[in-house]
file target-v3.cif (mmCIF, C-alpha atoms)
data_data
loop_
_atom_site.label_atom_id
_atom_site.label_comp_id
_atom_site.auth_asym_id
_atom_site.auth_seq_id
_atom_site.Cartn_x
_atom_site.Cartn_y
_atom_site.Cartn_z
CA MET A 8 12.17 -19.55 10.96
CA LYS A 9 8.49 -19.33 11.83
CA ILE A 10 6.93 -16.31 10.15
CA THR A 11 3.37 -15.02 10.42
CA LEU A 12 2.10 -12.69 7.72
CA LEU A 13 -0.98 -10.52 7.50
CA GLY A 14 -2.18 -9.58 4.03
CA SER A 15 -3.59 -12.90 2.78
CA VAL A 16 -2.51 -13.45 -0.86
CA GLY A 17 -2.69 -9.80 -1.86
CA ASN A 18 -0.46 -7.82 -4.19
CA ILE A 19 2.65 -7.97 -2.03
CA ASN A 20 2.27 -11.37 -0.39
CA ARG A 21 1.94 -13.15 -3.72
CA TYR A 22 5.67 -12.41 -4.05
CA VAL A 23 6.62 -12.64 -0.36
CA ILE A 24 5.03 -16.00 0.43
CA PRO A 25 6.70 -18.15 -2.26
CA ALA A 26 10.08 -16.51 -1.61
CA LEU A 27 9.92 -17.29 2.11
CA VAL A 28 8.64 -20.84 1.55
CA SER A 29 11.38 -21.50 -1.02
CA ALA A 30 13.95 -20.34 1.55
CA GLY A 31 12.71 -23.04 3.93
CA HIS A 32 10.70 -20.95 6.37
CA THR A 33 7.44 -22.06 7.97
CA VAL A 34 4.96 -19.41 6.89
CA THR A 35 1.52 -18.80 8.38
CA VAL A 36 -0.72 -16.44 6.42
CA VAL A 37 -3.66 -14.69 8.08
CA THR A 38 -6.73 -14.27 5.90
CA HIS A 39 -10.28 -13.19 6.67
CA SER A 40 -11.76 -15.47 3.99
CA ASP A 41 -12.08 -19.23 3.78
CA LYS A 42 -11.96 -18.78 0.01
CA ARG A 43 -8.25 -17.86 0.20
CA THR A 44 -7.09 -20.99 2.04
CA ALA A 45 -6.59 -23.10 -1.09
CA ALA A 46 -4.43 -20.41 -2.71
CA ILE A 47 -2.36 -20.06 0.45
CA LYS A 48 -1.80 -23.83 0.70
CA GLN A 49 -0.88 -23.97 -2.97
CA LEU A 50 1.96 -21.54 -2.23
CA GLY A 51 3.20 -23.85 0.51
CA ALA A 52 2.04 -21.75 3.46
CA ILE A 53 -0.35 -22.41 6.35
CA PRO A 54 -3.66 -20.50 6.25
CA ALA A 55 -5.12 -19.01 9.44
CA VAL A 56 -8.66 -17.75 8.96
CA GLY A 57 -9.78 -14.93 11.23
CA SER A 58 -10.08 -11.20 11.64
CA MET A 59 -7.18 -8.86 12.25
CA THR A 60 -9.48 -6.97 14.62
CA ASP A 61 -9.69 -10.09 16.81
CA GLU A 62 -6.95 -9.55 19.38
CA SER A 63 -7.15 -13.06 20.82
CA PHE A 64 -6.93 -14.64 17.37
CA LEU A 65 -3.88 -12.54 16.45
CA THR A 66 -2.19 -13.36 19.75
CA ASP A 67 -2.56 -17.07 18.98
CA GLN A 68 -1.13 -16.62 15.48
CA PHE A 69 1.79 -14.48 16.69
CA THR A 70 2.77 -16.79 19.54
CA GLY A 71 5.89 -18.77 18.65
CA ALA A 72 6.66 -16.73 15.53
CA ASP A 73 10.21 -15.51 15.07
CA VAL A 74 8.93 -12.48 13.17
CA ILE A 75 5.54 -11.10 12.16
CA TYR A 76 4.46 -8.92 9.23
CA LEU A 77 1.72 -6.37 9.89
CA MET A 78 -0.29 -4.09 7.66
CA LEU A 79 -3.41 -1.93 7.76
CA SER A 80 -5.95 -3.22 5.27
CA GLY A 81 -7.77 -0.65 3.18
CA GLY A 82 -11.40 -0.01 3.98
CA THR A 83 -14.22 2.44 3.54
CA ASN A 84 -15.67 2.54 7.05
CA ASN A 85 -17.38 5.75 8.01
CA ASP A 86 -14.91 6.12 10.87
CA ALA A 87 -11.73 4.82 9.30
CA LEU A 88 -9.63 7.08 11.53
CA GLN A 89 -10.93 5.44 14.69
CA ALA A 90 -10.54 2.04 13.05
CA ALA A 91 -6.84 2.77 12.48
CA LYS A 92 -6.39 3.87 16.09
CA ASP A 93 -8.14 0.74 17.33
CA GLN A 94 -6.06 -1.47 15.03
CA GLY A 95 -2.85 0.00 16.40
CA LYS A 96 -3.93 -0.95 19.92
CA ILE A 97 -4.89 -4.45 18.79
CA PHE A 98 -1.52 -5.00 17.11
CA TYR A 99 0.30 -3.69 20.19
CA ASN A 100 -1.62 -5.84 22.65
CA ALA A 101 -1.40 -9.01 20.54
CA ALA A 102 2.31 -8.65 19.84
CA LYS A 103 3.06 -7.94 23.49
CA ALA A 104 0.95 -10.83 24.76
CA ALA A 105 2.58 -13.20 22.25
CA GLY A 106 6.10 -12.11 23.22
CA VAL A 107 6.99 -11.11 19.65
CA LYS A 108 10.61 -9.98 19.23
CA ASN A 109 10.68 -8.94 15.56
CA ILE A 110 8.10 -6.99 13.55
CA VAL A 111 8.03 -5.75 9.96
CA ASN A 112 5.23 -3.21 9.55
CA LEU A 113 3.94 -2.08 6.17
CA SER A 114 3.16 1.60 6.60
CA SER A 115 2.99 4.39 4.02
CA ILE A 116 4.50 7.64 2.91
CA GLY A 117 2.65 10.36 4.79
CA ALA A 118 2.59 8.47 8.09
CA ASP A 119 4.65 11.30 9.59
CA SER A 120 2.21 14.03 8.49
CA PRO A 121 -1.11 15.35 9.89
CA TYR A 122 -4.50 14.57 8.38
CA ASP A 123 -5.03 18.05 6.93
CA GLU A 124 -1.86 17.60 4.84
CA VAL A 125 -2.09 13.98 3.63
CA GLY A 126 -5.61 12.79 4.43
CA VAL A 127 -6.08 9.03 4.82
CA LEU A 128 -2.33 8.38 4.73
CA SER A 129 -2.06 9.92 8.19
CA TYR A 130 -3.94 6.90 9.57
CA TYR A 131 -0.73 4.87 9.32
CA HIS A 132 0.77 7.10 12.00
CA PHE A 133 -1.40 5.45 14.63
CA ILE A 134 -0.17 1.98 13.73
CA GLU A 135 3.46 3.08 13.83
CA ALA A 136 3.00 4.98 17.09
CA ALA A 137 1.35 2.02 18.83
CA LEU A 138 3.99 -0.47 17.73
CA LEU A 139 6.91 1.76 18.66
CA GLN A 140 5.76 1.62 22.28
CA LEU A 141 6.82 -2.04 22.41
CA ASP A 142 9.96 -2.42 24.51
CA GLN A 143 12.90 -4.55 23.38
CA VAL A 144 11.24 -5.40 20.08
CA ASN A 145 12.96 -4.94 16.73
CA ILE A 146 10.57 -3.04 14.46
CA ALA A 147 11.25 -2.34 10.77
CA VAL A 148 8.77 0.12 9.29
CA VAL A 149 8.38 0.08 5.50
CA ARG A 150 6.83 3.15 3.86
CA PRO A 151 6.04 2.72 0.16
CA VAL A 152 4.91 5.63 -1.98
CA GLY A 153 1.68 5.44 -4.01
CA PHE A 154 1.09 2.10 -5.71
CA TYR A 155 1.23 1.92 -9.49
CA ALA A 156 -1.87 -0.26 -9.19
CA ASN A 157 -3.97 2.71 -8.12
CA LEU A 158 -3.73 3.81 -11.75
CA TYR A 159 -5.98 0.90 -12.72
CA SER A 160 -8.86 3.10 -11.60
CA SER A 161 -8.26 5.04 -14.84
CA ILE A 162 -9.23 2.10 -17.03
CA SER A 163 -12.93 3.00 -17.09
CA THR A 164 -12.32 6.63 -18.14
CA ILE A 165 -9.81 5.51 -20.75
CA LYS A 166 -12.31 3.06 -22.24
CA GLN A 167 -15.24 5.44 -22.07
CA GLN A 168 -13.64 8.83 -22.72
CA GLN A 169 -10.05 8.09 -23.79
CA GLN A 170 -8.87 10.19 -20.87
CA ILE A 171 -6.66 9.88 -17.81
CA VAL A 172 -8.36 12.04 -15.19
CA SER A 173 -6.45 13.48 -12.21
CA THR A 174 -6.43 16.40 -9.80
CA VAL A 175 -2.64 16.56 -10.24
CA PRO A 176 -1.45 18.74 -13.17
CA ALA A 177 0.47 16.92 -15.90
CA LYS A 178 3.72 18.79 -15.23
CA ILE A 179 4.03 17.59 -11.62
CA LYS A 180 6.23 14.57 -10.90
CA ARG A 181 4.84 11.80 -8.70
CA ALA A 182 6.50 8.78 -7.14
CA PHE A 183 5.20 5.24 -7.68
CA ALA A 184 5.90 1.84 -6.13
CA SER A 185 5.41 -1.70 -7.41
CA PRO A 186 4.41 -4.60 -5.16
CA LYS A 187 7.45 -6.46 -6.52
CA ASP A 188 9.80 -3.79 -5.20
CA ILE A 189 7.95 -3.57 -1.89
CA ALA A 190 8.23 -7.34 -1.53
CA ALA A 191 11.95 -7.17 -2.38
CA THR A 192 12.35 -4.80 0.57
CA ILE A 193 10.18 -6.75 2.99
CA ILE A 194 11.63 -10.24 2.44
CA PRO A 195 15.16 -9.58 3.76
CA LEU A 196 13.74 -7.56 6.66
CA LEU A 197 11.65 -10.56 7.67
CA GLU A 198 14.61 -12.91 7.43
CA THR A 199 16.91 -10.57 9.36
CA THR A 200 15.08 -7.77 11.14
CA PRO A 201 17.50 -4.94 12.01
CA LYS A 202 18.08 -4.20 15.68
CA GLY A 203 16.00 -1.43 17.21
CA HIS A 204 13.50 0.71 15.36
CA THR A 205 14.25 1.37 11.68
CA MET A 206 12.37 2.81 8.71
CA ARG A 207 12.74 2.45 4.95
CA TYR A 208 10.92 4.04 2.05
CA VAL A 209 10.16 2.14 -1.15
CA VAL A 210 9.92 3.89 -4.51
CA SER A 211 10.14 2.28 -7.93
CA ASP A 212 10.09 5.29 -10.24
CA GLU A 213 9.02 8.90 -10.65
CA ALA A 214 7.04 10.38 -13.51
CA THR A 215 5.07 13.45 -14.44
CA GLY A 216 1.53 13.15 -15.72
CA SER A 217 2.86 13.90 -19.18
CA GLU A 218 5.37 11.05 -18.94
CA LEU A 219 2.66 8.72 -17.64
CA LEU A 220 0.44 9.71 -20.56
CA ALA A 221 3.20 9.04 -23.10
CA ALA A 222 3.96 5.64 -21.59
CA LEU A 223 0.32 4.55 -21.70
CA GLN A 224 -0.24 5.98 -25.18
CA ASN A 225 2.62 3.80 -26.37
CA ALA A 226 1.65 0.67 -24.42
CA LEU A 227 -2.01 0.91 -25.44
CA ASN A 228 -1.26 2.08 -28.98
CA MET A 229 -3.65 4.95 -28.28
CA PRO A 230 -2.11 8.25 -29.45
CA GLN A 231 -5.44 10.01 -28.94
CA LEU A 232 -5.37 9.36 -25.18
CA LYS A 233 -5.43 12.62 -23.18
CA TYR A 234 -4.51 13.69 -19.64
CA VAL A 235 -7.27 15.80 -18.12
CA THR A 236 -7.00 17.74 -14.84
CA ILE A 237 -10.12 18.10 -12.71
CA SER A 238 -10.83 20.05 -9.52
CA ASP A 239 -10.88 18.67 -5.99
CA ASP A 240 -14.65 19.20 -5.90
CA GLN A 241 -15.10 17.18 -9.09
CA PHE A 242 -12.97 14.39 -7.69
CA LEU A 243 -14.87 14.40 -4.39
CA THR A 244 -18.20 14.28 -6.20
CA ALA A 245 -17.02 11.31 -8.27
CA LEU A 246 -16.03 9.38 -5.12
CA LEU A 247 -19.34 10.15 -3.44
CA ASN A 248 -21.21 9.02 -6.55
CA GLN A 249 -19.34 5.71 -6.31
CA GLY A 250 -20.82 5.24 -2.84
CA MET A 251 -17.76 6.10 -0.76
CA PRO A 252 -18.62 7.52 2.70
CA LYS A 253 -18.14 11.29 2.86
CA ASP A 254 -15.42 11.30 5.54
CA VAL A 255 -13.39 8.70 3.66
CA ALA A 256 -13.88 10.45 0.32
CA GLU A 257 -12.67 13.73 1.81
CA GLY A 258 -9.61 11.92 3.16
CA PHE A 259 -8.76 10.60 -0.30
CA MET A 260 -9.30 14.05 -1.81
CA ILE A 261 -6.79 15.53 0.65
CA MET A 262 -4.36 12.69 -0.14
CA THR A 263 -4.43 13.40 -3.87
CA ARG A 264 -4.22 17.14 -3.26
CA ALA A 265 -0.96 16.57 -1.40
CA GLN A 266 0.60 15.25 -4.61
CA ARG A 267 0.36 18.75 -6.09
CA THR A 268 3.11 19.88 -3.69
CA PRO A 269 5.76 17.15 -4.02
CA GLU A 270 8.45 19.33 -2.46
CA LYS A 271 6.44 19.07 0.77
CA SER A 272 4.81 15.65 0.56
CA TYR A 273 8.07 13.95 -0.52
CA ALA A 274 10.37 15.91 1.81
CA ASP A 275 10.93 13.06 4.28
CA LEU A 276 11.25 10.56 1.42
CA LYS A 277 14.01 12.63 -0.17
CA ALA A 278 15.72 13.11 3.19
CA HIS A 279 16.10 9.34 3.52
CA GLN A 280 17.43 8.94 -0.05
CA PRO A 281 15.97 5.48 -0.77
CA GLU A 282 17.36 3.24 -3.47
CA TYR A 283 14.93 3.01 -6.36
CA GLY A 284 13.41 -0.35 -7.20
CA GLN A 285 13.52 -2.30 -10.45
CA VAL A 286 9.99 -1.81 -11.82
CA LYS A 287 10.02 1.33 -13.94
CA LEU A 288 7.16 3.22 -15.55
CA ALA A 289 7.68 1.48 -18.90
CA ASP A 290 7.42 -1.91 -17.17
CA PHE A 291 4.19 -0.95 -15.44
CA ALA A 292 2.75 0.48 -18.67
CA LYS A 293 3.08 -2.98 -20.23
CA GLU A 294 1.31 -4.54 -17.23
CA PHE A 295 -1.38 -1.86 -17.46
CA ALA A 296 -1.95 -2.63 -21.13
CA SER A 297 -2.29 -6.34 -20.33
CA VAL A 298 -4.90 -5.64 -17.68
CA TYR A 299 -6.66 -3.14 -19.95
CA ARG A 300 -7.01 -5.80 -22.65
CA GLY A 301 -8.24 -8.36 -20.13
CA GLU A 302 -5.16 -10.55 -20.46
CA SER A 303 -4.46 -10.41 -16.71
CA GLN A 304 -6.08 -9.18 -13.54
CA GLY A 305 -5.24 -5.83 -12.04
CA HIS A 306 -5.20 -5.26 -8.29
CA SER A 307 -5.97 -1.77 -7.09
CA ASN A 308 -5.00 -0.65 -3.59
CA THR A 309 -6.33 2.33 -1.73
CA LEU A 310 -4.45 1.76 1.50
CA ALA A 311 -2.84 -1.63 1.38
CA ASP A 312 -3.39 -5.29 0.62
CA HIS A 313 -6.46 -7.02 1.98
#

call {"tool": "encode", "arguments": {"input": "target-v3.cif", "output": "structure tokens"}}
result
Amino acid sequence: MKITLLGSVGNINRYVIPALVSAGHTVTVVTHSDKRTAAIKQLGAIPAVGSMTDESFLTDQFTGADVIYLMLSGGTNNDALQAAKDQGKIFYNAAKAAGVKNIVNLSSIGADSPYDEVGVLSYYHFIEAALLQLDQVNIAVVRPVGFYANLYSSISTIKQQQQIVSTVPAKIKRAFASPKDIAATIIPLLETTPKGHTMRYVVSDEATGSELLAALQNALNMPQLKYVTISDDQFLTALLNQGMPKDVAEGFMIMTRAQRTPEKSYADLKAHQPEYGQVKLADFAKEFASVYRGESQGHSNTLADH
């Protein structure tokens, strides 16, 4: 099969690419950076350098592919909402012009909810909605929950203050996903895309803040580590101080606020009863400790792979 992937050699593709190449597929990987071409070639794939906002470029890359893999890269544009709407149109037009018959689209939990409930996660709705207008195209939508890797943002507060800081109280259970488990879902969908329009959630494990704290205390050998809850305003101020545009920062604040009402934010997830993946909290805690000690590189995602 000829397969075209967006996502360069990000968190998920570093598992997807070698698996597809090993299975004998011809894999083209779209990247925006010339610096990634060597890594892509080393994995046995074909690099295609260009922008995913370039409709003509994407049409060329999609033409002749048996299946394509799409995703919305994370960004901090001042008008990220409009960027998502525009990207949906670009994906639709390029896929239609190229005559694509099979699509696997990396979306997100919250894609079915309005902005005032889930913030930036609602942007994925516009990608899904645009793609689902394609006639006679098999489209598999994959909605992972929050990435474990987002927890790497806690490393600085752990090192400086020995604290995990969150707007979500320690008693509330959250769902997490590993790139390995997301890749394990995506690979078979690329090789055999189900007929029609389908959707699958990906979740690796669930844990309360207290359980997360205990796992990291053990992995880091840091019994003094604490879990500290801050207000939405404090969180928003911290994002703004990091240079994040106000509209985007507010969207992330709303996203994290949604995690305080899991019975609502996870309602559709629970309704679909997904099978849990293999990477559990204890596994991630070991990876976290390795990154914390500088033994390996952590990859944090706000929206998706770049």

call {"tool": "resolve_selection", "arguments": {"input": "target-v3.cif", "expression": "the PyMOL selection byres ((chain A and resi 53) around 9)", "output": "number ranges by chain"}}
result
A: 33-37, 44, 47-48, 50-52, 54-55

call {"tool": "residues_around", "arguments": {"input": "target-v3.cif", "residues": "Asp142 in chain A", "least_positions_apart": "2", "cutoff": "10 Å", "atoms": "only C-alpha atoms", "output": "list of chain:residue names"}}
result
A:Lys103, A:Lys108, A:Leu138, A:Leu139, A:Gln140, A:Val144, A:Asn145, A:Gly203

call {"tool": "residues_around", "arguments": {"input": "target-v3.cif", "residues": "Gln285 in chain A", "least_positions_apart": "6", "cutoff": "9 Å", "atoms": "all atoms listed in the file", "output": "PDB file with C-alpha atoms, in the frame of the given file"}}
result
ATOM      1  CA  SER A 185       5.410  -1.700  -7.410  1.00  0.00           C
ATOM      2  CA  LYS A 187       7.450  -6.460  -6.520  1.00  0.00           C
ATOM      3  CA  ASP A 188       9.800  -3.790  -5.200  1.00  0.00           C
ATOM      4  CA  SER A 211      10.140   2.280  -7.930  1.00  0.00           C
ATOM      5  CA  ASP A 212      10.090   5.290 -10.240  1.00  0.00           C
TER       6      ASP A 212
END

call {"tool": "closest_residue", "arguments": {"input": "target-v3.cif", "among": "A:Gln280, A:Gln143, A:Gln266, A:Gln249", "to": "Leu128 in chain A", "atoms": "all atoms listed in the file"}}
result
A:Gln266

call {"tool": "resolve_selection", "arguments": {"input": "target-v3.cif", "expression": "the PyMOL selection byres ((chain A and resi 65) around 12)", "output": "PyMOL selection string"}}
result
chain A and resi 11-13+35-39+55-64+66-72+75-77+94+97-105+107

call {"tool": "closest_residue", "arguments": {"input": "target-v3.cif", "among": "A:Leu141, A:Leu79, A:Ala292, A:Leu197", "to": "Met8 in chain A", "atoms": "only C-alpha atoms"}}
result
A:Leu197

call {"tool": "resolve_selection", "arguments": {"input": "target-v3.cif", "expression": "the PyMOL selection byres ((chain A and resi 191) around 10)", "output": "PyMOL selection string"}}
result
chain A and resi 19+22-23+26+185-190+192-196+209+284-285

call {"tool": "write_last_selection", "arguments": {"input": "target-v3.cif", "atoms": "C-alpha atoms", "output": "CSV table (one decimal), in the frame of the given file"}}
result
chain,number,residue,atom,x,y,z
A,19,ILE,CA,2.6,-8.0,-2.0
A,22,TYR,CA,5.7,-12.4,-4.0
A,23,VAL,CA,6.6,-12.6,-0.4
A,26,ALA,CA,10.1,-16.5,-1.6
A,185,SER,CA,5.4,-1.7,-7.4
A,186,PRO,CA,4.4,-4.6,-5.2
A,187,LYS,CA,7.4,-6.5,-6.5
A,188,ASP,CA,9.8,-3.8,-5.2
A,189,ILE,CA,8.0,-3.6,-1.9
A,190,ALA,CA,8.2,-7.3,-1.5
A,192,THR,CA,12.4,-4.8,0.6
A,193,ILE,CA,10.2,-6.8,3.0
A,194,ILE,CA,11.6,-10.2,2.4
A,195,PRO,CA,15.2,-9.6,3.8
A,196,LEU,CA,13.7,-7.6,6.7
A,209,VAL,CA,10.2,2.1,-1.2
A,284,GLY,CA,13.4,-0.4,-7.2
A,285,GLN,CA,13.5,-2.3,-10.4

call {"tool": "residues_near_point", "arguments": {"input": "target-v3.cif", "point": "(-0.1, 5.1, 1.6)", "cutoff": "10 Å", "atoms": "all atoms listed in the file", "output": "list in words"}}
result
Leu79, Gly81, Leu113, Ser114, Ser115, Ile116, Gly117, Ala118, Val125, Gly126, Val127, Leu128, Ser129, Tyr130, Tyr131, Arg150, Pro151, Val152, Gly153, Phe154, Met262, Asn308, Thr309, Leu310 and Ala311 of chain A

call {"tool": "closest_residue", "arguments": {"input": "target-v3.cif", "among": "A:Glu124, A:Gln168, A:Val111, A:Ala137", "to": "Asp93 in chain A", "atoms": "all atoms listed in the file"}}
result
A:Ala137

call {"tool": "decode", "arguments": {"input": "target-v3.cif", "residues": "range 207-217 of chain A", "atoms": "all heavy atoms", "output": "JSON list (two decimals), in the first residue's frame"}}
result
[["chain", "number", "residue", "atom", "x", "y", "z"],
["A", 207, "ARG", "N", -13.29, 6.07, 17.00],
["A", 207, "ARG", "CA", -12.79, 5.30, 18.14],
["A", 207, "ARG", "C", -12.07, 6.22, 19.11],
["A", 207, "ARG", "O", -11.32, 7.12, 18.70],
["A", 207, "ARG", "CB", -11.81, 4.22, 17.67],
["A", 207, "ARG", "CG", -12.47, 3.07, 16.92],
["A", 207, "ARG", "CD", -11.46, 2.00, 16.57],
["A", 207, "ARG", "NE", -10.83, 1.43, 17.75],
["A", 207, "ARG", "CZ", -9.92, 0.47, 17.72],
["A", 207, "ARG", "NH1", -9.53, -0.02, 16.56],
["A", 207, "ARG", "NH2", -9.40, -0.01, 18.83],
["A", 208, "TYR", "N", -12.30, 5.99, 20.39],
["A", 208, "TYR", "CA", -11.56, 6.70, 21.42],
["A", 208, "TYR", "C", -10.33, 5.89, 21.80],
["A", 208, "TYR", "O", -10.31, 4.66, 21.64],
["A", 208, "TYR", "CB", -12.42, 6.91, 22.67],
["A", 208, "TYR", "CG", -13.40, 8.05, 22.56],
["A", 208, "TYR", "CD1", -14.73, 7.84, 22.21],
["A", 208, "TYR", "CD2", -12.99, 9.36, 22.82],
["A", 208, "TYR", "CE1", -15.63, 8.89, 22.11],
["A", 208, "TYR", "CE2", -13.89, 10.42, 22.74],
["A", 208, "TYR", "CZ", -15.20, 10.18, 22.38],
["A", 208, "TYR", "OH", -16.09, 11.23, 22.29],
["A", 209, "VAL", "N", -9.31, 6.57, 22.31],
["A", 209, "VAL", "CA", -8.12, 5.90, 22.82],
["A", 209, "VAL", "C", -7.86, 6.40, 24.23],
["A", 209, "VAL", "O", -7.73, 7.61, 24.45],
["A", 209, "VAL", "CB", -6.87, 6.18, 21.95],
["A", 209, "VAL", "CG1", -5.67, 5.41, 22.51],
["A", 209, "VAL", "CG2", -7.12, 5.79, 20.50],
["A", 210, "VAL", "N", -7.78, 5.49, 25.17],
["A", 210, "VAL", "CA", -7.44, 5.81, 26.55],
["A", 210, "VAL", "C", -6.52, 4.72, 27.08],
["A", 210, "VAL", "O", -6.76, 3.54, 26.86],
["A", 210, "VAL", "CB", -8.71, 5.97, 27.43],
["A", 210, "VAL", "CG1", -9.59, 4.74, 27.36],
["A", 210, "VAL", "CG2", -8.34, 6.29, 28.87],
["A", 211, "SER", "N", -5.45, 5.12, 27.74],
["A", 211, "SER", "CA", -4.50, 4.16, 28.28],
["A", 211, "SER", "C", -4.81, 3.81, 29.73],
["A", 211, "SER", "O", -4.73, 2.65, 30.13],
["A", 211, "SER", "CB", -3.07, 4.71, 28.19],
["A", 211, "SER", "OG", -2.71, 4.95, 26.85],
["A", 212, "ASP", "N", -5.16, 4.82, 30.53],
["A", 212, "ASP", "CA", -5.39, 4.60, 31.95],
["A", 212, "ASP", "C", -6.15, 5.78, 32.53],
["A", 212, "ASP", "O", -6.25, 6.84, 31.89],
["A", 212, "ASP", "CB", -4.06, 4.42, 32.68],
["A", 212, "ASP", "CG", -4.20, 3.63, 34.00],
["A", 212, "ASP", "OD1", -5.34, 3.26, 34.36],
["A", 212, "ASP", "OD2", -3.18, 3.41, 34.66],
["A", 213, "GLU", "N", -6.65, 5.60, 33.72],
["A", 213, "GLU", "CA", -7.30, 6.67, 34.47],
["A", 213, "GLU", "C", -6.63, 6.78, 35.83],
["A", 213, "GLU", "O", -6.20, 5.78, 36.39],
["A", 213, "GLU", "CB", -8.80, 6.40, 34.65],
["A", 213, "GLU", "CG", -9.61, 6.46, 33.38],
["A", 213, "GLU", "CD", -11.09, 6.22, 33.63],
["A", 213, "GLU", "OE1", -11.42, 5.45, 34.56],
["A", 213, "GLU", "OE2", -11.91, 6.80, 32.90],
["A", 214, "ALA", "N", -6.57, 8.00, 36.36],
["A", 214, "ALA", "CA", -5.95, 8.19, 37.66],
["A", 214, "ALA", "C", -6.40, 9.51, 38.27],
["A", 214, "ALA", "O", -6.63, 10.50, 37.57],
["A", 214, "ALA", "CB", -4.43, 8.20, 37.54],
["A", 215, "THR", "N", -6.54, 9.52, 39.58],
["A", 215, "THR", "CA", -6.80, 10.76, 40.28],
["A", 215, "THR", "C", -5.48, 11.51, 40.45],
["A", 215, "THR", "O", -4.39, 10.94, 40.24],
["A", 215, "THR", "CB", -7.39, 10.50, 41.67],
["A", 215, "THR", "OG1", -6.41, 9.79, 42.46],
["A", 215, "THR", "CG2", -8.67, 9.67, 41.58],
["A", 216, "GLY", "N", -5.58, 12.77, 40.86],
["A", 216, "GLY", "CA", -4.36, 13.52, 41.14],
["A", 216, "GLY", "C", -3.56, 12.88, 42.26],
["A", 216, "GLY", "O", -2.33, 12.88, 42.23],
["A", 217, "SER", "N", -4.26, 12.31, 43.22],
["A", 217, "SER", "CA", -3.58, 11.64, 44.34],
["A", 217, "SER", "C", -2.82, 10.41, 43.86],
["A", 217, "SER", "O", -1.69, 10.15, 44.30],
["A", 217, "SER", "CB", -4.59, 11.24, 45.41],
["A", 217, "SER", "OG", -5.21, 12.38, 45.98]]
